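target-v7.txt (compact mmCIF, C-alpha atoms and all ligand atoms)
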# COMPACT_ATOMS: atom_id res chain seq x y z
CA MET R 508 -7.91 -38.14 28.06
CA ASN R 509 -4.31 -37.61 27.15
CA ASP R 510 -2.64 -34.56 28.67
CA ARG R 511 1.03 -35.29 27.99
CA LEU R 512 3.14 -36.09 24.93
CA THR R 513 6.74 -37.25 24.99
CA ASN R 514 8.79 -35.96 22.10
CA GLY R 515 10.25 -38.70 19.93
CA SER R 516 7.96 -41.45 21.20
CA ILE R 517 5.21 -43.09 19.14
CA TRP R 518 2.08 -41.01 19.65
CA LYS R 519 -1.28 -42.76 19.70
CA ASP R 520 -4.67 -41.62 18.48
CA SER R 521 -7.80 -41.80 20.64
CA SER R 522 -8.33 -45.45 19.72
CA GLY R 523 -4.79 -46.42 20.76
CA GLN R 524 -3.33 -46.71 17.25
CA PRO R 525 -0.06 -44.99 16.25
CA ILE R 526 -0.62 -41.66 14.54
CA HIS R 527 0.58 -41.72 10.93
CA ALA R 528 0.85 -38.10 9.86
CA HIS R 529 4.49 -37.75 8.85
CA GLY R 530 5.93 -34.78 6.97
CA GLY R 531 2.56 -33.25 7.70
CA HIS R 532 0.62 -30.05 8.04
CA MET R 533 -2.14 -28.62 10.22
CA ILE R 534 -5.02 -26.22 9.84
CA PHE R 535 -7.52 -24.89 12.34
CA HIS R 536 -11.10 -25.07 11.08
CA ASP R 537 -14.44 -24.85 12.93
CA ASP R 538 -12.95 -25.42 16.40
CA TYR R 539 -10.72 -28.33 15.39
CA TYR R 540 -7.08 -28.73 14.51
CA TYR R 541 -6.83 -31.02 11.48
CA TRP R 542 -3.54 -32.86 11.13
CA TYR R 543 -2.66 -34.24 7.70
CA GLY R 544 0.38 -36.33 6.93
CA GLU R 545 2.00 -39.24 5.17
CA ASP R 546 0.63 -42.67 6.00
CA ARG R 547 2.59 -45.24 4.01
CA ARG R 548 0.72 -48.33 5.20
CA ASP R 549 -1.07 -50.64 2.77
CA ASN R 550 -2.82 -48.68 0.02
CA ILE R 551 -2.83 -45.42 2.00
CA TYR R 552 -1.06 -42.17 1.06
CA VAL R 553 -2.42 -39.46 3.37
CA SER R 554 -4.31 -39.67 6.67
CA CYS R 555 -6.20 -37.02 8.61
CA TYR R 556 -6.71 -36.69 12.39
CA ARG R 557 -8.43 -33.99 14.36
CA SER R 558 -8.17 -32.59 17.86
CA LYS R 559 -9.45 -29.72 19.94
CA ASP R 560 -6.40 -29.55 22.20
CA LEU R 561 -3.43 -30.93 20.18
CA PHE R 562 -3.12 -33.85 22.65
CA ASN R 563 -6.15 -36.04 21.94
CA TRP R 564 -6.25 -37.00 18.26
CA GLU R 565 -9.24 -38.64 16.66
CA PHE R 566 -8.49 -40.56 13.47
CA ARG R 567 -10.82 -39.27 10.76
CA ASN R 568 -9.92 -40.83 7.44
CA HIS R 569 -7.40 -42.04 4.94
CA ILE R 570 -8.05 -39.06 2.69
CA LEU R 571 -5.78 -40.13 -0.17
CA THR R 572 -5.29 -43.78 -1.11
CA THR R 573 -4.60 -45.79 -4.26
CA SER R 574 -8.36 -45.86 -4.87
CA THR R 575 -9.11 -42.15 -4.43
CA PRO R 576 -11.22 -40.97 -7.39
CA ALA R 577 -9.25 -38.90 -9.89
CA THR R 578 -10.49 -36.18 -12.18
CA PRO R 579 -8.23 -33.89 -14.18
CA ILE R 580 -8.51 -30.12 -13.81
CA ARG R 581 -7.64 -27.40 -16.29
CA VAL R 582 -3.95 -27.95 -15.66
CA ARG R 583 -2.60 -30.82 -17.74
CA THR R 584 -1.72 -33.43 -15.16
CA ASN R 585 -0.96 -37.12 -14.75
CA VAL R 586 -3.82 -38.55 -12.67
CA LYS R 587 -2.40 -42.02 -12.06
CA LEU R 588 -2.15 -43.06 -8.40
CA MET R 589 -0.39 -46.35 -9.16
CA SER R 590 3.01 -46.92 -10.74
CA ASP R 591 3.39 -48.49 -14.20
CA LYS R 592 4.40 -51.75 -12.48
CA GLY R 593 1.25 -51.72 -10.37
CA GLY R 594 2.84 -50.56 -7.11
CA LYS R 595 2.27 -47.39 -5.13
CA VAL R 596 3.55 -44.01 -6.20
CA ASN R 597 5.23 -41.79 -3.59
CA LEU R 598 3.25 -38.92 -2.12
CA GLU R 599 5.33 -36.99 0.43
CA ARG R 600 4.83 -33.96 2.66
CA PRO R 601 1.09 -33.36 2.08
CA LYS R 602 -0.13 -29.84 2.97
CA VAL R 603 -3.73 -28.59 3.07
CA LEU R 604 -5.31 -25.12 3.03
CA PHE R 605 -8.93 -24.01 3.15
CA ASN R 606 -9.86 -21.70 0.31
CA SER R 607 -12.51 -19.28 1.60
CA ILE R 608 -13.63 -18.26 -1.93
CA THR R 609 -14.30 -21.76 -3.30
CA LYS R 610 -14.92 -23.30 0.18
CA LYS R 611 -12.65 -26.17 -0.85
CA PHE R 612 -9.91 -27.85 1.11
CA VAL R 613 -6.94 -27.95 -1.25
CA LEU R 614 -4.07 -30.40 -0.80
CA TRP R 615 -0.64 -30.07 -2.39
CA VAL R 616 1.94 -32.84 -2.10
CA HIS R 617 5.27 -33.99 -3.55
CA TYR R 618 4.76 -36.72 -6.16
CA GLU R 619 7.18 -39.40 -7.44
CA ASN R 620 6.09 -42.24 -9.73
CA GLY R 621 7.10 -45.13 -7.46
CA GLU R 622 9.90 -46.31 -9.79
CA HIS R 623 12.47 -43.55 -9.29
CA TYR R 624 12.78 -40.00 -7.92
CA ASN R 625 13.15 -38.10 -11.17
CA ASP R 626 9.57 -37.00 -11.79
CA ALA R 627 10.02 -34.39 -9.03
CA ALA R 628 6.47 -33.17 -9.42
CA CYS R 629 3.73 -31.71 -7.26
CA ALA R 630 0.19 -33.04 -7.10
CA ILE R 631 -3.17 -31.60 -6.05
CA ALA R 632 -6.38 -32.93 -4.50
CA THR R 633 -9.51 -31.14 -3.24
CA SER R 634 -12.52 -31.76 -1.08
CA ASP R 635 -15.61 -29.97 0.25
CA PHE R 636 -14.75 -31.44 3.66
CA PRO R 637 -11.60 -31.17 5.76
CA ASP R 638 -11.40 -34.90 6.39
CA ASP R 639 -13.21 -36.89 3.69
CA HIS R 640 -14.11 -37.24 0.00
CA PHE R 641 -10.91 -35.86 -1.48
CA VAL R 642 -10.65 -36.04 -5.27
CA TYR R 643 -7.20 -36.36 -6.81
CA HIS R 644 -6.39 -33.96 -9.65
CA GLY R 645 -3.00 -35.31 -10.65
CA SER R 646 0.64 -34.29 -10.74
CA PHE R 647 2.63 -31.80 -12.81
CA ASN R 648 5.89 -29.84 -12.82
CA PRO R 649 5.23 -26.16 -12.09
CA TYR R 650 6.44 -24.22 -15.17
CA GLY R 651 8.33 -27.40 -16.01
CA TYR R 652 10.53 -27.16 -12.91
CA MET R 653 11.45 -30.00 -10.59
CA SER R 654 9.48 -29.81 -7.36
CA ARG R 655 10.34 -31.99 -4.35
CA ASP R 656 10.13 -31.17 -0.60
CA CYS R 657 7.35 -28.63 -0.31
CA THR R 658 5.05 -26.60 1.87
CA LEU R 659 2.05 -24.28 1.59
CA PHE R 660 1.66 -20.93 3.29
CA GLN R 661 -1.53 -18.86 3.53
CA ASP R 662 -1.17 -15.16 4.18
CA ASP R 663 -3.67 -13.12 6.23
CA ASP R 664 -5.45 -11.88 3.08
CA GLY R 665 -5.91 -15.43 1.78
CA THR R 666 -3.08 -15.28 -0.76
CA ALA R 667 -1.38 -18.66 -0.79
CA TYR R 668 2.10 -19.77 -1.72
CA PHE R 669 3.60 -23.12 -2.66
CA ILE R 670 7.27 -23.47 -1.77
CA SER R 671 9.29 -26.36 -3.18
CA ALA R 672 12.80 -27.57 -3.84
CA ALA R 673 13.81 -27.28 -7.51
CA ARG R 674 16.87 -28.15 -9.68
CA ASP R 675 17.60 -31.43 -7.89
CA ASN R 676 17.01 -29.60 -4.58
CA ALA R 677 19.71 -26.98 -5.24
CA ASP R 678 17.26 -24.04 -5.21
CA LEU R 679 14.08 -23.34 -3.28
CA HIS R 680 11.22 -21.82 -5.31
CA ILE R 681 8.30 -19.75 -4.06
CA TYR R 682 5.19 -19.78 -6.25
CA ARG R 683 2.17 -17.60 -5.63
CA LEU R 684 -1.00 -19.62 -6.23
CA GLN R 685 -4.02 -18.65 -8.27
CA GLU R 686 -7.06 -17.47 -6.31
CA ASP R 687 -8.60 -20.98 -6.19
CA TYR R 688 -5.24 -22.54 -5.16
CA LEU R 689 -5.45 -24.99 -8.08
CA ASN R 690 -2.43 -23.81 -10.00
CA VAL R 691 0.64 -21.66 -9.66
CA GLU R 692 0.12 -18.04 -10.71
CA SER R 693 3.74 -16.86 -10.74
CA LEU R 694 7.21 -17.84 -9.63
CA VAL R 695 7.96 -15.09 -7.14
CA GLY R 696 11.31 -16.23 -5.80
CA LYS R 697 14.27 -18.53 -6.34
CA LEU R 698 15.96 -18.70 -2.98
CA TRP R 699 19.44 -19.64 -1.86
CA GLN R 700 20.63 -21.03 -5.20
CA GLY R 701 22.92 -23.98 -4.77
CA GLU R 702 22.36 -24.27 -1.00
CA TYR R 703 20.18 -27.40 -1.11
CA ARG R 704 17.36 -26.56 1.27
CA GLU R 705 14.61 -29.09 2.06
CA ALA R 706 11.63 -29.41 4.39
CA PRO R 707 10.50 -25.76 4.18
CA ALA R 708 8.04 -24.41 6.76
CA VAL R 709 6.76 -20.82 6.71
CA PHE R 710 5.09 -18.66 9.33
CA LYS R 711 4.41 -14.98 9.90
CA ARG R 712 4.96 -13.01 13.10
CA ASN R 713 4.58 -9.27 13.68
CA GLY R 714 4.38 -8.67 9.93
CA LYS R 715 7.60 -10.56 9.20
CA TYR R 716 7.82 -13.81 7.26
CA TYR R 717 10.01 -16.65 8.48
CA MET R 718 11.11 -19.74 6.61
CA LEU R 719 12.63 -22.75 8.34
CA SER R 720 14.36 -25.44 6.33
CA SER R 721 16.84 -28.28 6.59
CA PHE R 722 19.88 -29.21 4.54
CA CYS R 723 19.65 -32.19 2.19
CA THR R 724 20.77 -35.36 4.00
CA GLY R 725 17.90 -37.79 3.34
CA TRP R 726 16.46 -39.24 6.55
CA GLU R 727 19.44 -38.05 8.63
CA PRO R 728 18.87 -34.83 10.56
CA ASN R 729 21.10 -31.79 10.12
CA GLN R 730 21.49 -28.18 11.25
CA GLY R 731 18.19 -26.35 10.72
CA LYS R 732 18.27 -22.80 9.40
CA TYR R 733 15.84 -19.92 9.31
CA ALA R 734 15.57 -16.83 7.15
CA MET R 735 13.38 -13.74 7.27
CA ALA R 736 11.66 -11.43 4.79
CA ASP R 737 9.30 -8.45 4.89
CA THR R 738 7.18 -9.86 2.06
CA MET R 739 6.84 -13.37 0.63
CA ASP R 740 8.28 -12.00 -2.63
CA GLY R 741 11.46 -11.20 -0.73
CA PRO R 742 14.18 -10.24 -0.60
CA TRP R 743 14.81 -13.13 1.79
CA GLY R 744 17.74 -12.75 4.14
CA MET R 745 20.65 -15.11 4.61
CA LEU R 746 20.21 -18.48 6.29
CA SER R 747 21.03 -18.56 10.02
CA ASP R 748 21.24 -21.49 12.42
CA PHE R 749 18.10 -22.71 14.19
CA GLY R 750 18.41 -25.28 17.00
CA ASP R 751 21.56 -27.40 17.34
CA GLU R 752 23.64 -29.22 14.71
CA THR R 753 20.91 -31.85 14.18
CA THR R 754 18.01 -29.51 15.10
CA TYR R 755 17.60 -31.87 18.10
CA ARG R 756 17.36 -34.80 15.67
CA THR R 757 14.41 -33.35 13.74
CA GLN R 758 13.43 -32.06 10.33
CA PRO R 759 10.71 -29.38 9.98
CA ALA R 760 7.17 -30.44 9.06
CA PHE R 761 5.28 -27.18 9.69
CA VAL R 762 4.84 -24.34 12.17
CA LEU R 763 1.51 -23.92 13.91
CA LYS R 764 0.72 -20.37 14.95
CA ARG R 765 -1.71 -20.86 17.83
CA SER R 766 -1.90 -17.21 18.77
CA GLU R 767 0.18 -14.08 18.35
CA LYS R 768 2.30 -15.42 21.20
CA GLU R 769 2.44 -19.16 20.58
CA TYR R 770 4.35 -20.65 17.66
CA LEU R 771 4.86 -24.40 17.67
CA TYR R 772 7.57 -26.15 15.66
CA PHE R 773 6.17 -29.51 14.52
CA SER R 774 8.84 -31.80 13.19
CA ASP R 775 9.62 -35.34 12.18
CA ARG R 776 12.17 -37.52 13.88
CA TRP R 777 12.58 -39.92 10.99
CA ASN R 778 13.69 -43.49 11.43
CA GLY R 779 15.47 -44.17 8.14
CA SER R 780 15.88 -47.90 8.79
CA ASP R 781 12.26 -48.41 9.88
CA TYR R 782 10.08 -45.63 8.52
CA PHE R 783 7.10 -46.74 10.62
CA GLN R 784 9.05 -46.04 13.81
CA SER R 785 9.40 -42.40 12.80
CA SER R 786 8.05 -40.07 15.46
CA TYR R 787 7.23 -36.44 16.12
CA VAL R 788 8.86 -33.67 18.09
CA VAL R 789 7.00 -30.47 18.99
CA LEU R 790 8.93 -27.52 20.39
CA PRO R 791 8.01 -23.93 21.15
CA ILE R 792 9.62 -21.28 18.98
CA GLU R 793 10.79 -18.63 21.40
CA PHE R 794 11.86 -15.18 20.26
CA ASN R 795 14.70 -12.92 21.16
CA GLY R 796 13.34 -9.72 19.60
CA ASP R 797 12.68 -10.90 16.06
CA ILE R 798 15.14 -13.79 16.22
CA PRO R 799 13.55 -17.24 16.50
CA VAL R 800 15.17 -19.50 19.08
CA LEU R 801 14.64 -23.25 19.31
CA MET R 802 15.48 -24.97 22.60
CA HIS R 803 15.08 -28.64 23.39
CA TYR R 804 12.22 -29.89 25.59
CA SER R 805 11.55 -33.56 26.15
CA SER R 806 7.79 -33.39 26.66
CA LEU R 807 4.73 -31.19 26.54
CA SER R 808 1.61 -31.16 28.65
CA LEU R 809 -1.75 -29.51 28.72
CA GLY R 810 -2.13 -26.65 31.15
CA GLU R 811 -5.02 -26.53 33.57
CA ASP R 812 -7.16 -24.22 31.48
CA SER R 813 -6.48 -26.78 28.69
CA HIS R 814 -5.28 -23.98 26.48
CA LEU R 815 -1.70 -23.28 27.40
CA ILE R 816 0.93 -25.86 26.56
CA HIS R 817 3.73 -26.40 29.03
CA PHE R 818 7.08 -27.73 27.88
CA GLU R 819 9.34 -29.67 30.20
CA ARG R 820 13.06 -30.16 29.75
C1 LIG F 901 14.28 -36.15 3.07
C2 LIG F 901 12.97 -35.49 2.76
C3 LIG F 901 11.86 -36.45 3.11
C4 LIG F 901 12.07 -37.73 2.32
C5 LIG F 901 13.47 -38.28 2.57
C6 LIG F 901 13.75 -39.50 1.73
O1 LIG F 901 15.34 -35.32 2.81
O2 LIG F 901 12.83 -34.29 3.49
O3 LIG F 901 10.61 -35.87 2.84
O4 LIG F 901 11.94 -37.47 0.95
O5 LIG F 901 14.43 -37.29 2.29
O6 LIG F 901 15.11 -39.83 1.74

Encoded form (structure tokens):
Amino acid sequence: MNDRLTNGSIWKDSSGQPIHAHGGHMIFHDDYYYWYGEDRRDNIYVSCYRSKDLFNWEFRNHILTTSTPATPIRVRTNVKLMSDKGGKVNLERPKVLFNSITKKFVLWVHYENGEHYNDAACAIATSDFPDDHFVYHGSFNPYGYMSRDCTLFQDDDGTAYFISAARDNADLHIYRLQEDYLNVESLVGKLWQGEYREAPAVFKRNGKYYMLSSFCTGWEPNQGKYAMADTMDGPWGMLSDFGDETTYRTQPAFVLKRSEKEYLYFSDRWNGSDYFQSSYVVLPIEFNGDIPVLMHYSSLSLGEDSHLIHFER
């Protein structure tokens, strides 16, 4: 049993192996948290872990690899999972939602062809299970736009949004998804033109929408910002500072809303010189009225009722 995690250290799964779920995402389904993220080892692209308490993580599967079966969908896509030279492509920042109409788990991810970074596409995969048997459906450019750092957000009524960096990262686009989450349905917002926002993460609190993001400095951390809106379609407010000038040496991965009172900022502490030494930092988002506040805590531990998380400075 693990009841403590140190921010910025290498976290291990229940069999003692480092957890590879970088730039990830999390959903809660049938009593488990499922954590999806980048796993760049060998022929792997995306791995999935699950936990009941956010501290003890069971490795489930490499859900996307170079040998994942690929079938096209109605959207015209490129279904290749290997580069033209036979190497791996890049699949970054995988995000997964459960679609309650189709009962499918739908994954969206940033795709590059493994040779350069100019494809700037998104890619989709689906499964009937949260942690196995994903089928790849290929990559495409939404409405022809570039699409790099990305996230998914599911609203209370099931409406889902894909948010991604466009125009060489200068602008951040919000797309509403079709009902089955397998294509974009409309481009509902072009945010902060020319401000170069990356690593978006969206959550909702008391009827307000919040978007966290970073500036564009590669693996190096920078000042995080947040913005607010009354609807996903906007208008979105101006960007305001979140955390310190390096966001405590992190970049947003996603926000987990555990309850109306508990919002957890999950982030990556990248190691640009040795990617595999990249680690995770989880911090509570505290609120001053409606204003989100991010303070630094060095570790987190499970409370006695194994439900409340305690953060220690
Ligand atoms: C970051 C981005 C990461 C990764 C990295 C590569 O800005 O958020 O997902 O693409 O650049 O340099």

### Task
Name the residues in contact with R:Ala734 at a cut-off of 10 Å, using all atoms listed in the file, excluding same-chain residues fewer than 5 positions from it; report them as a list in words.
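So the residues in contact are Val709, Tyr716, Tyr717, Met718, Leu719, Ser720, Trp743, Gly744, Met745, Leu746, Ser747, Asp748, Phe749, Ile798 and Pro799 of chain R.
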
Could you write those residues out with C-alpha atoms, as a short mmCIF file (atom, residue, chain, number, x, y, z; two decimals), in the frame of the given file?
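Just written: again27.cif:
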data_model
loop_
_atom_site.label_atom_id
_atom_site.label_comp_id
_atom_site.auth_asym_id
_atom_site.auth_seq_id
_atom_site.Cartn_x
_atom_site.Cartn_y
_atom_site.Cartn_z
CA VAL R 709 6.76 -20.82 6.71
CA TYR R 716 7.82 -13.81 7.26
CA TYR R 717 10.01 -16.65 8.48
CA MET R 718 11.11 -19.74 6.61
CA LEU R 719 12.63 -22.75 8.34
CA SER R 720 14.36 -25.44 6.33
CA TRP R 743 14.81 -13.13 1.79
CA GLY R 744 17.74 -12.75 4.14
CA MET R 745 20.65 -15.11 4.61
CA LEU R 746 20.21 -18.48 6.29
CA SER R 747 21.03 -18.56 10.02
CA ASP R 748 21.24 -21.49 12.42
CA PHE R 749 18.10 -22.71 14.19
CA ILE R 798 15.14 -13.79 16.22
CA PRO R 799 13.55 -17.24 16.50
#

### Message
Around ligand LIG 901 (chain F), which protein and nucleic acid residues have at least one atom no more than 7 Å from it, if we count only C-alpha atoms and all ligand atoms? List them as a PyMOL selection string.
### Response
chain R and resi 530+599-600+656+705-706+723-726

### Who sits within 9 Å of R:Ser785, all atoms listed in the file, same chain under 2 positions skipped, as an NGL selection string
:R and (515-517 or 529 or 775-779 or 781-783 or 787)

### Task
Could you check how far atom CA of R:Lys587 sits from atom CA of R:Glu619, in Å to one decimal?
11.0 Å

Excluding stretch 550-557 of chain R and any residue of its chain fewer than 3 positions from it, enumerate the residues within 8 Å of it, using all atoms listed in the file, and give them as a CSV table (one decimal) with C-alpha atoms, keeping the file's coordinate frame.
chain,number,residue,atom,x,y,z
R,527,HIS,CA,0.6,-41.7,10.9
R,528,ALA,CA,0.8,-38.1,9.9
R,539,TYR,CA,-10.7,-28.3,15.4
R,540,TYR,CA,-7.1,-28.7,14.5
R,541,TYR,CA,-6.8,-31.0,11.5
R,542,TRP,CA,-3.5,-32.9,11.1
R,543,TYR,CA,-2.7,-34.2,7.7
R,544,GLY,CA,0.4,-36.3,6.9
R,545,GLU,CA,2.0,-39.2,5.2
R,546,ASP,CA,0.6,-42.7,6.0
R,547,ARG,CA,2.6,-45.2,4.0
R,564,TRP,CA,-6.2,-37.0,18.3
R,565,GLU,CA,-9.2,-38.6,16.7
R,566,PHE,CA,-8.5,-40.6,13.5
R,567,ARG,CA,-10.8,-39.3,10.8
R,568,ASN,CA,-9.9,-40.8,7.4
R,569,HIS,CA,-7.4,-42.0,4.9
R,570,ILE,CA,-8.0,-39.1,2.7
R,571,LEU,CA,-5.8,-40.1,-0.2
R,572,THR,CA,-5.3,-43.8,-1.1
R,573,THR,CA,-4.6,-45.8,-4.3
R,574,SER,CA,-8.4,-45.9,-4.9
R,595,LYS,CA,2.3,-47.4,-5.1
R,597,ASN,CA,5.2,-41.8,-3.6
R,598,LEU,CA,3.2,-38.9,-2.1
R,601,PRO,CA,1.1,-33.4,2.1
R,638,ASP,CA,-11.4,-34.9,6.4

### Message
For a quick check of understanding, using all atoms listed in the file, which of R:Thr757, R:Gln784, R:Thr575, R:Ser774 has the smallest distance to R:Met589?
### Response
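Among the listed residues, R:Thr575 lies closest to R:Met589.
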
### Task
Could you jot down the atom CA of R:Asn648 to atom CA of R:Gln685 separation for me, Å, one decimal place?
15.6 Å

### Message
Here is a test: counting all atoms listed in the file, which residue of R:Ser607, R:Asn585, R:Leu614, R:Asp591 is nearest to R:Phe647?
### Response
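Ranked by minimum distance to R:Phe647, first place goes to R:Asn585.
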